[in-house]
Structure formats: structure tokens, C-alpha cells
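Okay, target11.cif is below, mmCIF, C-alpha atoms:
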```cif
data_work
loop_
_atom_site.label_atom_id
_atom_site.label_comp_id
_atom_site.auth_asym_id
_atom_site.auth_seq_id
_atom_site.Cartn_x
_atom_site.Cartn_y
_atom_site.Cartn_z
CA MET A 1 49.17 87.88 52.22
CA LYS A 2 47.09 84.90 53.32
CA GLN A 3 50.20 82.71 53.77
CA LYS A 4 51.89 85.47 55.78
CA TYR A 5 48.77 85.77 57.98
CA LEU A 6 48.71 81.99 58.57
CA SER A 7 52.41 82.03 59.47
CA LYS A 8 51.83 84.69 62.10
CA ASN A 9 48.92 82.73 63.53
CA LEU A 10 50.99 79.56 63.64
CA LEU A 11 53.81 81.39 65.44
CA ALA A 12 51.34 82.73 68.01
CA VAL A 13 49.96 79.24 68.63
CA VAL A 14 53.48 77.80 69.04
CA ILE A 15 54.41 80.54 71.53
CA LEU A 16 51.19 79.95 73.48
CA LEU A 17 51.83 76.19 73.61
CA LEU A 18 55.39 76.77 74.81
CA LEU A 19 54.19 79.12 77.53
CA ASN A 20 51.57 76.62 78.66
CA PHE A 21 54.18 73.85 78.64
CA ASN A 22 56.62 75.93 80.68
CA THR A 23 53.89 76.86 83.18
CA THR A 24 52.80 73.23 83.55
CA SER A 25 56.41 72.04 83.83
CA TYR A 26 57.10 74.78 86.36
CA ALA A 27 54.14 73.70 88.54
CA GLN A 28 55.05 70.02 88.25
CA ASN A 29 58.61 70.79 89.30
CA LEU A 30 57.37 72.59 92.42
CA GLU A 31 54.99 69.73 93.17
CA SER A 32 57.72 67.11 92.83
CA LYS A 33 60.04 69.05 95.14
CA ILE A 34 57.37 69.26 97.83
CA ASP A 35 56.48 65.58 97.31
CA SER A 36 60.12 64.62 97.79
CA ILE A 37 60.35 66.47 101.11
CA LEU A 38 57.15 65.03 102.54
CA GLN A 39 57.60 61.46 101.32
CA LYS A 40 60.88 61.29 103.25
CA LYS A 41 59.29 62.67 106.40
CA TYR A 42 56.11 60.56 106.38
CA PRO A 43 56.57 56.86 105.53
CA THR A 44 53.49 55.02 104.30
CA ASN A 45 53.38 52.75 107.39
CA ALA A 46 53.69 55.47 110.07
CA PRO A 47 51.60 58.37 111.37
CA GLY A 48 51.35 61.00 108.67
CA GLY A 49 50.29 64.49 107.80
CA THR A 50 48.42 66.71 105.38
CA PHE A 51 49.88 69.78 103.74
CA LEU A 52 48.37 72.61 101.73
CA VAL A 53 50.01 75.46 99.83
CA SER A 54 48.03 78.38 98.46
CA LYS A 55 49.03 81.42 96.42
CA ASN A 56 46.76 84.45 96.77
CA GLY A 57 44.08 82.12 98.10
CA LYS A 58 44.28 79.59 95.24
CA ILE A 59 45.28 76.10 96.36
CA ILE A 60 48.33 74.96 94.38
CA TYR A 61 49.24 71.91 96.49
CA ASN A 62 47.18 69.69 98.80
CA LYS A 63 48.29 66.15 99.62
CA ALA A 64 48.30 63.63 102.45
CA PHE A 65 50.98 61.17 103.55
CA GLY A 66 51.22 58.25 105.96
CA LEU A 67 48.41 56.87 108.12
CA ALA A 68 45.52 58.58 109.88
CA ASN A 69 45.10 55.61 112.23
CA LEU A 70 47.76 52.97 112.88
CA GLU A 71 45.45 50.43 114.53
CA LEU A 72 43.08 50.34 111.56
CA ASN A 73 45.75 50.98 108.92
CA VAL A 74 43.73 53.91 107.53
CA PRO A 75 45.59 56.09 105.01
CA MET A 76 45.71 59.82 105.60
CA THR A 77 43.61 62.00 103.25
CA PRO A 78 43.72 65.75 102.52
CA ASP A 79 40.37 66.11 104.35
CA ASN A 80 41.48 64.67 107.70
CA VAL A 81 40.75 66.72 110.80
CA PHE A 82 43.45 67.27 113.43
CA GLU A 83 43.86 68.80 116.84
CA ILE A 84 45.71 72.03 115.98
CA GLY A 85 47.03 72.87 119.45
CA SER A 86 48.31 76.42 119.84
CA ILE A 87 47.17 77.56 116.40
CA THR A 88 43.97 77.92 118.46
CA LYS A 89 45.56 81.10 119.85
CA GLN A 90 45.00 82.84 116.50
CA PHE A 91 41.26 82.30 116.87
CA THR A 92 41.32 83.56 120.45
CA ALA A 93 43.32 86.66 119.51
CA ILE A 94 41.04 87.51 116.58
CA SER A 95 37.97 87.01 118.80
CA ILE A 96 39.40 89.53 121.27
CA LEU A 97 40.01 91.99 118.42
CA MET A 98 36.41 91.49 117.28
CA LEU A 99 35.24 92.57 120.72
CA VAL A 100 37.66 95.51 120.60
CA GLU A 101 36.24 96.56 117.23
CA GLN A 102 32.72 96.33 118.71
CA GLY A 103 33.77 98.68 121.51
CA LYS A 104 33.16 96.06 124.21
CA ILE A 105 36.74 95.89 125.48
CA LYS A 106 40.02 97.78 125.10
CA LEU A 107 43.50 96.36 124.68
CA ASN A 108 44.79 98.42 127.61
CA ASP A 109 42.03 97.19 129.94
CA GLN A 110 43.47 95.63 133.08
CA ILE A 111 42.46 92.04 133.74
CA ASN A 112 40.97 92.99 137.13
CA GLN A 113 38.08 94.56 135.22
CA TYR A 114 37.04 91.03 134.24
CA LEU A 115 38.61 89.03 137.09
CA PRO A 116 38.17 91.28 140.17
CA ASN A 117 39.71 88.73 142.54
CA TYR A 118 42.75 87.88 140.45
CA PRO A 119 45.95 88.55 142.48
CA THR A 120 48.02 90.87 140.26
CA HIS A 121 50.36 91.86 143.12
CA GLN A 122 49.73 95.54 142.41
CA LYS A 123 50.98 95.04 138.84
CA LYS A 124 49.16 96.44 135.81
CA ILE A 125 48.41 93.38 133.66
CA THR A 126 46.49 94.28 130.50
CA ILE A 127 44.76 92.36 127.71
CA HIS A 128 47.65 93.42 125.48
CA HIS A 129 50.10 91.65 127.82
CA LEU A 130 48.04 88.45 127.67
CA LEU A 131 47.88 88.50 123.86
CA ASN A 132 51.61 89.20 123.51
CA HIS A 133 52.95 86.76 126.15
CA THR A 134 54.44 89.59 128.18
CA SER A 135 52.18 89.41 131.27
CA GLY A 136 54.61 87.64 133.59
CA ILE A 137 51.85 85.26 134.74
CA LYS A 138 53.06 81.70 135.33
CA SER A 139 52.14 79.36 132.49
CA TYR A 140 49.99 76.56 133.91
CA THR A 141 51.41 73.99 131.48
CA SER A 142 54.70 74.21 133.41
CA LEU A 143 53.03 73.14 136.68
CA LYS A 144 53.27 69.52 137.84
CA LYS A 145 49.90 69.73 139.57
CA LEU A 146 48.32 70.03 136.13
CA TYR A 147 48.60 66.25 135.76
CA SER A 148 46.35 65.69 138.76
CA ILE A 149 43.37 67.09 136.80
CA ASP A 150 44.31 66.48 133.16
CA LYS A 151 41.58 63.87 132.61
CA LYS A 152 38.83 65.88 134.31
CA ASP A 153 36.50 68.35 132.62
CA VAL A 154 37.08 71.67 134.37
CA THR A 155 35.50 75.11 134.05
CA PRO A 156 37.54 78.13 132.93
CA THR A 157 37.39 79.45 136.50
CA GLU A 158 38.74 76.16 137.88
CA LEU A 159 41.54 76.26 135.33
CA ILE A 160 42.44 79.85 136.28
CA ASN A 161 42.40 78.87 139.97
CA LEU A 162 45.09 76.32 139.16
CA PHE A 163 47.67 79.02 138.41
CA LYS A 164 46.41 82.35 139.76
CA ASN A 165 48.27 82.12 143.09
CA GLU A 166 51.59 81.16 141.52
CA PRO A 167 54.38 83.76 141.80
CA MET A 168 54.82 85.90 138.68
CA ASP A 169 57.82 85.24 136.45
CA PHE A 170 58.51 88.95 135.84
CA ASN A 171 56.85 92.35 135.80
CA PRO A 172 54.37 92.91 132.93
CA GLY A 173 55.98 94.20 129.76
CA GLU A 174 59.56 93.56 130.87
CA HIS A 175 60.08 90.17 129.20
CA TYR A 176 58.55 87.88 126.59
CA LYS A 177 57.78 84.30 127.68
CA TYR A 178 55.35 82.06 125.82
CA ASN A 179 52.41 81.60 128.13
CA ASN A 180 49.30 79.41 127.93
CA SER A 181 47.75 80.92 131.07
CA GLY A 182 47.34 84.29 129.36
CA TYR A 183 45.27 82.75 126.58
CA VAL A 184 43.10 80.88 129.09
CA ILE A 185 42.28 84.22 130.73
CA LEU A 186 41.51 85.67 127.29
CA GLY A 187 39.03 82.84 126.71
CA TYR A 188 37.37 83.63 130.03
CA ILE A 189 37.17 87.34 129.07
CA ILE A 190 35.52 86.41 125.74
CA GLU A 191 32.89 84.45 127.67
CA LYS A 192 32.28 87.18 130.24
CA VAL A 193 31.94 89.96 127.65
CA SER A 194 29.92 88.02 125.04
CA GLY A 195 27.66 86.15 127.45
CA ILE A 196 28.24 82.83 125.67
CA THR A 197 30.87 80.11 126.00
CA TYR A 198 34.17 80.30 124.15
CA GLU A 199 33.10 77.30 122.07
CA GLU A 200 29.84 79.01 121.10
CA PHE A 201 31.59 82.28 120.27
CA ILE A 202 34.14 80.65 117.95
CA THR A 203 31.54 78.40 116.32
CA LYS A 204 29.03 81.19 115.68
CA ASN A 205 31.33 84.10 114.80
CA ILE A 206 34.08 82.29 112.91
CA PHE A 207 33.44 78.68 111.88
CA LYS A 208 29.82 79.06 110.71
CA ARG A 209 30.35 82.56 109.39
CA LEU A 210 33.23 81.47 107.17
CA GLY A 211 31.91 78.04 106.22
CA MET A 212 34.66 76.20 108.08
CA ASN A 213 32.57 73.04 108.21
CA ASN A 214 35.39 70.73 109.30
CA SER A 215 36.45 72.83 112.29
CA THR A 216 35.21 72.42 115.84
CA TYR A 217 35.97 72.80 119.52
CA GLY A 218 37.35 69.50 120.76
CA ASN A 219 35.09 66.81 122.18
CA HIS A 220 36.06 63.19 122.82
CA ARG A 221 32.47 61.91 122.67
CA THR A 222 31.28 63.65 119.50
CA ILE A 223 31.71 61.83 116.18
CA ILE A 224 33.94 64.12 114.11
CA LYS A 225 34.05 63.07 110.47
CA ASN A 226 37.57 62.34 109.16
CA ARG A 227 39.17 62.82 112.59
CA ALA A 228 42.79 61.60 112.54
CA SER A 229 44.00 59.60 115.55
CA GLY A 230 46.86 61.01 117.62
CA HIS A 231 50.04 59.07 118.36
CA HIS A 232 53.14 59.10 120.57
CA LEU A 233 56.45 57.39 119.93
CA LYS A 234 58.26 55.76 122.83
CA GLN A 235 60.11 52.62 121.78
CA ASN A 236 57.12 51.91 119.55
CA TYR A 237 54.14 53.96 118.40
CA GLN A 238 51.34 54.36 120.91
CA ASN A 239 47.90 55.93 120.89
CA SER A 240 47.99 59.42 122.38
CA ARG A 241 47.07 59.71 126.05
CA PHE A 242 43.62 60.94 127.01
CA VAL A 243 43.48 64.59 128.11
CA SER A 244 40.32 66.66 128.58
CA TYR A 245 39.92 69.40 125.98
CA THR A 246 38.83 71.73 128.79
CA LEU A 247 42.44 71.71 129.94
CA SER A 248 43.72 73.35 126.75
CA TYR A 249 40.56 75.47 126.30
CA SER A 250 41.17 78.76 124.45
CA ALA A 251 44.91 78.10 124.35
CA GLY A 252 44.69 74.91 122.27
CA ALA A 253 41.41 72.98 122.10
CA LEU A 254 40.35 73.49 118.46
CA LEU A 255 40.31 70.93 115.63
CA SER A 256 40.52 71.75 111.94
CA SER A 257 41.69 70.66 108.49
CA VAL A 258 44.22 72.24 106.14
CA LYS A 259 41.47 73.39 103.75
CA ASP A 260 39.53 75.07 106.56
CA LEU A 261 42.69 76.77 107.80
CA ASN A 262 43.25 78.11 104.30
CA ILE A 263 39.70 79.51 104.40
CA TRP A 264 40.59 81.10 107.75
CA GLN A 265 43.80 82.69 106.45
CA GLN A 266 42.13 84.07 103.32
CA ALA A 267 39.18 85.44 105.34
CA LEU A 268 41.61 87.41 107.48
CA ILE A 269 43.42 88.83 104.46
CA LYS A 270 40.13 89.85 102.83
CA ASN A 271 38.93 91.49 106.07
CA LYS A 272 35.86 89.30 106.37
CA LEU A 273 36.13 89.32 110.17
CA LEU A 274 37.93 92.55 111.02
CA LYS A 275 38.65 95.91 109.48
CA LYS A 276 42.16 96.25 108.07
CA GLU A 277 43.30 98.66 110.78
CA THR A 278 42.03 96.37 113.55
CA LEU A 279 43.57 93.24 112.02
CA SER A 280 46.93 94.99 111.66
CA LYS A 281 47.29 94.99 115.45
CA ALA A 282 47.72 91.20 115.33
CA PHE A 283 50.80 91.53 113.12
CA ILE A 284 52.78 94.25 114.89
CA ASN A 285 56.18 93.17 116.19
CA TYR A 286 55.64 94.58 119.67
CA SER A 287 58.42 95.88 121.91
CA LEU A 288 59.20 95.36 125.59
CA LYS A 289 59.66 98.29 127.97
CA ASN A 290 63.39 98.30 127.17
CA GLY A 291 62.67 98.58 123.43
CA LYS A 292 63.63 95.00 122.57
CA LYS A 293 61.33 93.35 120.03
CA THR A 294 59.24 90.37 121.11
CA ASN A 295 58.95 88.91 117.59
CA TYR A 296 55.34 88.18 118.45
CA GLY A 297 52.09 89.97 117.65
CA TYR A 298 48.72 88.65 118.81
CA GLY A 299 48.56 84.92 118.02
CA TRP A 300 51.37 84.98 115.46
CA ASN A 301 55.15 84.89 115.60
CA ILE A 302 56.70 87.65 113.49
CA ARG A 303 59.72 86.26 111.66
CA THR A 304 61.47 86.46 108.30
CA LEU A 305 61.76 83.89 105.53
CA GLY A 306 64.05 84.69 102.65
CA ASN A 307 63.80 88.46 102.35
CA GLU A 308 60.18 88.57 103.50
CA THR A 309 58.30 89.07 106.70
CA SER A 310 56.64 85.83 107.79
CA TYR A 311 53.65 85.39 110.10
CA GLU A 312 53.84 81.96 111.69
CA HIS A 313 52.55 79.76 114.47
CA GLY A 314 52.92 76.14 115.45
CA GLY A 315 50.89 73.92 117.73
CA PHE A 316 51.54 70.98 120.02
CA ILE A 317 48.98 68.95 121.89
CA PHE A 318 49.23 65.31 122.99
CA GLY A 319 49.43 63.21 119.81
CA PHE A 320 49.56 66.09 117.31
CA LYS A 321 51.78 68.88 115.99
CA SER A 322 50.96 71.63 113.49
CA MET A 323 52.57 74.57 111.71
CA GLY A 324 51.31 77.45 109.57
CA VAL A 325 53.33 80.04 107.63
CA TYR A 326 51.99 83.08 105.79
CA LEU A 327 54.13 85.34 103.59
CA PRO A 328 52.08 88.52 103.10
CA GLU A 329 54.23 90.03 100.35
CA SER A 330 54.12 86.88 98.19
CA GLY A 331 50.58 85.87 99.18
CA ILE A 332 51.87 82.38 100.02
CA TYR A 333 50.28 80.29 102.78
CA VAL A 334 51.55 76.88 103.87
CA ILE A 335 49.83 74.77 106.53
CA GLY A 336 50.97 71.37 107.77
CA LEU A 337 49.14 69.14 110.25
CA ASN A 338 50.39 65.78 111.53
CA ASN A 339 49.18 63.12 113.93
CA CYS A 340 52.23 62.20 115.98
CA ASP A 341 53.74 64.56 118.52
CA CYS A 342 57.05 62.84 117.69
CA ASN A 343 57.28 64.46 114.26
CA SER A 344 57.17 68.24 114.14
CA PRO A 345 56.14 69.80 110.79
CA THR A 346 57.79 73.16 111.61
CA LYS A 347 60.97 72.83 109.55
CA VAL A 348 59.34 71.24 106.50
CA THR A 349 56.49 73.77 106.48
CA ARG A 350 59.00 76.65 106.49
CA LYS A 351 61.07 74.84 103.83
CA ILE A 352 58.03 74.38 101.58
CA ALA A 353 57.15 78.07 102.02
CA GLU A 354 60.71 79.01 101.08
CA ILE A 355 60.70 76.80 97.97
CA THR A 356 57.33 78.18 96.88
CA GLN A 357 58.57 81.71 97.50
CA MET A 358 61.59 81.09 95.24
CA TYR A 359 59.38 79.70 92.48
CA PHE A 360 57.15 82.75 92.36
CA ASN A 361 59.89 85.38 92.73
#
```
Would it be possible to restate this file's structure as C-alpha cells?
Amino acid sequence: MKQKYLSKNLLAVVILLLLNFNTTSYAQNLESKIDSILQKKYPTNAPGGTFLVSKNGKIIYNKAFGLANLELNVPMTPDNVFEIGSITKQFTAISILMLVEQGKIKLNDQINQYLPNYPTHQKKITIHHLLNHTSGIKSYTSLKKLYSIDKKDVTPTELINLFKNEPMDFNPGEHYKYNNSGYVILGYIIEKVSGITYEEFITKNIFKRLGMNNSTYGNHRTIIKNRASGHHLKQNYQNSRFVSYTLSYSAGALLSSVKDLNIWQQALIKNKLLKKETLSKAFINYSLKNGKKTNYGYGWNIRTLGNETSYEHGGFIFGFKSMGVYLPESGIYVIGLNNCDCNSPTKVTRKIAEITQMYFN
């Protein structure tokens, strides 16, 4: 009996060891596949990037490639901080939904309630239209006159004055067209309703609340620990051109790290900032007046990856590009940040999400 008991115990140990080996081998295989993709994209002597993959909030991959600063030959690290460009729009959209949840604004409020002198040409432009890029307002980043002020610090009102008298592209709700002007107006509305600046609102209600200690509103003068330098590529690599952060404002002025953005994504999922029913409004694939889908919610593109719905958004700002993908059914989040606007992380971030999805399905 004793020998039989020992044999059973030995078999159990062998099975457990095999399972642990297979799990470790499985994880290493995933890691090596991701490594292979990113090593090809980011040479050791060029601007680089940091990438993070999490599954149900647990980080399963977090590595850095290339250089954080070409002039000083500083290697990239997983803790580097980047300008995230239009991923900022997620923070603006969630801030608006916070104010909605507090009963301070409504999504169908017309913008004239907050900007009485804004020329809407007798059109009903709502907060919903701004969030969903269906307002028809001209995007200021398409205007040549933008470059006459791009190095100046401007107020939100001065920025709005830059585009408010431009002809509308279409009637509200009739078309979808990605629009930075709408998110600038949303930032102004946040300030008017809350009584504090956009920077203060985001810092107090999101960054500090969630412990996102490596995230900040952009400032060229402030020392930001682990800040990666931005680069362009013409014939050779160059330092990114100077542009005031006030120009991108609530449409693209935030800085963050991949670890902080994972904190952000998990906080949303766990309803640390918004109730589930309020948050769900950000992830609806809204329709135009003709019934056609926009494939955009509030601050996120609504797409598919594999057989799953995917919530995504990229960012571009001088010297930097970024991309984040969240698969709600699999609980997979992939975020990639890089420091050259010559090297978009969009395709590789989606590819990494797809590979991770296949491994866990």
C-alpha cells in the first residue's frame, strides 16, 4: 500500500512539473515572438519604443528597445515617459463623462450653453457631436495659420478663436471626420464647468487619484523624470521641432508611460472613475443620421481584431507616435509608445495584441 501511495504521489509531482514546464515554455514562446517583432522595428542605434502587454491587469510583457535620446546615446527603458498625442482624448472624454455622472452637464447639451458667442450657423452642435467627431466643425490642425502661433503659449479661448469662424465641413451628425477642434472645445467646457484648468482637473481627478505618478500635462520647462526625447527623420534623424503644449491642449498635450497607461486602462475596467453604465457610453459604436456606423465611441475607435471587438486609439504629436489596443473579451491590453514620428507603432501593437489573443484562446 505504501509503495502504491508513493507511486501516485510521484505521478502527481511529474504531472505538476510538466504543467509548469509547458506554462513556462508557453510564456517564453510568446515573449520571443513579441521580441522578434520589436527588435526588427527598433534597431539599437535609432529612436526606440516601450511596449507593455497585460492580461486581466497582470503585466505579462514590458520591454524597451532603441534609444531614448540620440544625442546622448541613452538607451530606452520601460519607465520612459512619452508625449502620447491623441490618446489624450481618452482622458478628455472620461473627464466629460465624470461631469455627466455628477449631473453638471448633459451629452445633448448644445455648445452655445458654454460658448454663447460661438457661431454655430443655426446648427445644433452638442457635446455628443464633439466627443464622436461628428460636429462638422473645421479641425484647426488642418489650417495653415496654425503655424503662425505654434511656438506661442495660447489660452483655450485664443485657440478656439483660431478656428471658430471657419466654414463647417458638414451638418452635425451627418458625417464622421476626425476632429481636434471638438476636443479643444471639450477641454474648455471642462474648465468652465469645474472652475479649474484642464491640467488641474486631469491631475487631481485622474493622475493623483489613480497613482499615475509618471503622467503629466506637457511642459517644456519642467524637469520630467525619464522623459524620452522626440525625433523626426528627414534624410537623417533630427530633434523634434518645438511646439507649445497649449496648442494641442485637451486634444493631445499629455505625457505618460506604458505602466501608467496600464493603470489607466485597468482603472476604467474596474469602474474606479465611472459607474459601469456611464463608462459604457464611451464604447458605443455610434451611428450617423443615415444609420451608418462611425466606428468611434468617445475617445476610442471601435474595431475588430480576430473575432473580437477591439477598443483602440493612436496618437501623433511632433516627435512621437503611440498606440493602445484593448480586447475586452480576452482582457488583453497592449500599449506601445515610441519617440520618432517616423515610426508608427500602430501595426505592431495590433499584431502583438493578435498574437497574445491567439495564445490565450
| request: Can you turn the PyMOL selection byres ((chain A and resi 358) around 12) into a concrete residue list for this file, as a PyMOL selection string? | output: chain A and resi 26+30+305-308+327+330+332+351-357+359-361
Against segment 145-167 of chain A, which residues of segment 236-287 of chain A fall within 12 Å? For each one I want the closest pair of atoms and the distance in Å (one decimal), counting only C-alpha atoms, rows by chain and increasing residue number, as a Markdown table.
```
| residue | atom | partner | partner_atom | distance |
| --- | --- | --- | --- | --- |
| A:Arg241 | CA | A:Lys151 | CA | 9.5 |
| A:Phe242 | CA | A:Lys151 | CA | 6.6 |
| A:Val243 | CA | A:Lys151 | CA | 4.9 |
| A:Ser244 | CA | A:Lys151 | CA | 5.1 |
| A:Tyr245 | CA | A:Asp153 | CA | 7.5 |
| A:Thr246 | CA | A:Asp153 | CA | 5.6 |
| A:Leu247 | CA | A:Asp150 | CA | 6.4 |
| A:Ser248 | CA | A:Leu159 | CA | 9.3 |
| A:Tyr249 | CA | A:Pro156 | CA | 7.8 |
| A:Ser250 | CA | A:Pro156 | CA | 9.2 |
| A:Ala251 | CA | A:Pro156 | CA | 11.3 |
```
| task | Considering only C-alpha atoms, state which residue in the set A:His128, A:Lys208, A:His313, A:Lys63 is at the smallest distance from Ile111 of chain A. | result |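 Residue with the minimum atom-to-atom distance to Ile111 of chain A: A:His128.
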Carefully work through the PyMOL selection byres ((chain A and resi 95) around 12) for this structure and note down the residues it includes, as an mmCIF file with C-alpha atoms, in the coordinates of the input.
```cif
data_model
loop_
_atom_site.group_PDB
_atom_site.id
_atom_site.type_symbol
_atom_site.label_atom_id
_atom_site.label_comp_id
_atom_site.auth_asym_id
_atom_site.auth_seq_id
_atom_site.Cartn_x
_atom_site.Cartn_y
_atom_site.Cartn_z
ATOM 1 C CA THR A 88 43.970 77.920 118.460
ATOM 2 C CA LYS A 89 45.560 81.100 119.850
ATOM 3 C CA GLN A 90 45.000 82.840 116.500
ATOM 4 C CA PHE A 91 41.260 82.300 116.870
ATOM 5 C CA THR A 92 41.320 83.560 120.450
ATOM 6 C CA ALA A 93 43.320 86.660 119.510
ATOM 7 C CA ILE A 94 41.040 87.510 116.580
ATOM 8 C CA ILE A 96 39.400 89.530 121.270
ATOM 9 C CA LEU A 97 40.010 91.990 118.420
ATOM 10 C CA MET A 98 36.410 91.490 117.280
ATOM 11 C CA LEU A 99 35.240 92.570 120.720
ATOM 12 C CA VAL A 100 37.660 95.510 120.600
ATOM 13 C CA GLU A 101 36.240 96.560 117.230
ATOM 14 C CA GLN A 102 32.720 96.330 118.710
ATOM 15 C CA LYS A 104 33.160 96.060 124.210
ATOM 16 C CA ILE A 105 36.740 95.890 125.480
ATOM 17 C CA LEU A 131 47.880 88.500 123.860
ATOM 18 C CA TYR A 183 45.270 82.750 126.580
ATOM 19 C CA LEU A 186 41.510 85.670 127.290
ATOM 20 C CA GLY A 187 39.030 82.840 126.710
ATOM 21 C CA TYR A 188 37.370 83.630 130.030
ATOM 22 C CA ILE A 189 37.170 87.340 129.070
ATOM 23 C CA ILE A 190 35.520 86.410 125.740
ATOM 24 C CA GLU A 191 32.890 84.450 127.670
ATOM 25 C CA VAL A 193 31.940 89.960 127.650
ATOM 26 C CA SER A 194 29.920 88.020 125.040
ATOM 27 C CA TYR A 198 34.170 80.300 124.150
ATOM 28 C CA GLU A 199 33.100 77.300 122.070
ATOM 29 C CA GLU A 200 29.840 79.010 121.100
ATOM 30 C CA PHE A 201 31.590 82.280 120.270
ATOM 31 C CA ILE A 202 34.140 80.650 117.950
ATOM 32 C CA THR A 203 31.540 78.400 116.320
ATOM 33 C CA LYS A 204 29.030 81.190 115.680
ATOM 34 C CA ASN A 205 31.330 84.100 114.800
ATOM 35 C CA ILE A 206 34.080 82.290 112.910
ATOM 36 C CA PHE A 207 33.440 78.680 111.880
ATOM 37 C CA SER A 250 41.170 78.760 124.450
ATOM 38 C CA LEU A 268 41.610 87.410 107.480
ATOM 39 C CA LEU A 273 36.130 89.320 110.170
ATOM 40 C CA LEU A 274 37.930 92.550 111.020
ATOM 41 C CA THR A 278 42.030 96.370 113.550
ATOM 42 C CA LEU A 279 43.570 93.240 112.020
ATOM 43 C CA ALA A 282 47.720 91.200 115.330
ATOM 44 C CA TYR A 298 48.720 88.650 118.810
ATOM 45 C CA GLY A 299 48.560 84.920 118.020
#
```
| task | Select, counting all atoms listed in the file, all protein, DNA and RNA residues no farther than 8 Å from (53.7, 79.8, 125.7) in file coordinates, and express the selection as a list of chain:residue names. | result |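 Residues with an atom close enough to that point: A:His133, A:Ser139, A:Lys177, A:Tyr178, A:Asn179, A:Asn180.
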| Atom pair atom CA of Thr126 of chain A / atom CA of Ser287 of chain A: separation (Å) | 14.8 Å
| task | Name the residues captured by the PyMOL selection byres ((chain A and resi 225) around 12) when it is applied to the shown file; answer as an MDAnalysis selection string. | result | chainID A and resid 79:82 213:216 222:224 226:229 255:257
Which centre and edge lengths in Å to one decimal define the box along x, y and z that fits every listed atom of segment 116-133 of chain A plus 6 Å per side, as AutoDock Vina command-line options?
```
--center_x 45.6 --center_y 91.6 --center_z 133.3 --size_x 26.8 --size_y 21.7 --size_z 31.6
```
| request: Write out as a ChimeraX atom specification which residues come within 10 Å of Asn73 of chain A when counting all atoms listed in the file, dropping same-chain ones fewer than 5 positions away. | output: /A:44-47,66-68
| request: Have a look at atom CA of Ile34 of chain A and atom CA of Ile59 of chain A and let me know their distance in Å, one decimal. | output: 14.0 Å
| field | Pick from A:Lys138, A:Lys289, A:Lys276, A:Arg303, whichever lies nearest to Glu174 of chain A using only C-alpha atoms | value |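 Closest residue, counting only C-alpha atoms: A:Lys289.
Interatomic distance, atom CA of Gly230 of chain A to atom CA of Tyr296 of chain A: 28.5 Å.
The residue that comes closest to Lys292 of chain A, out of A:Gly336, A:Gly331, A:Gly173, A:Gly85 and on the basis of all atoms listed in the file, is A:Gly173.
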| Counting only C-alpha atoms, the residue of A:Pro328, A:Gly136, A:Gly211, A:Pro78 that sits nearest Ala267 of chain A |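 Among the listed residues, the smallest separation from Ala267 of chain A belongs to A:Gly211.
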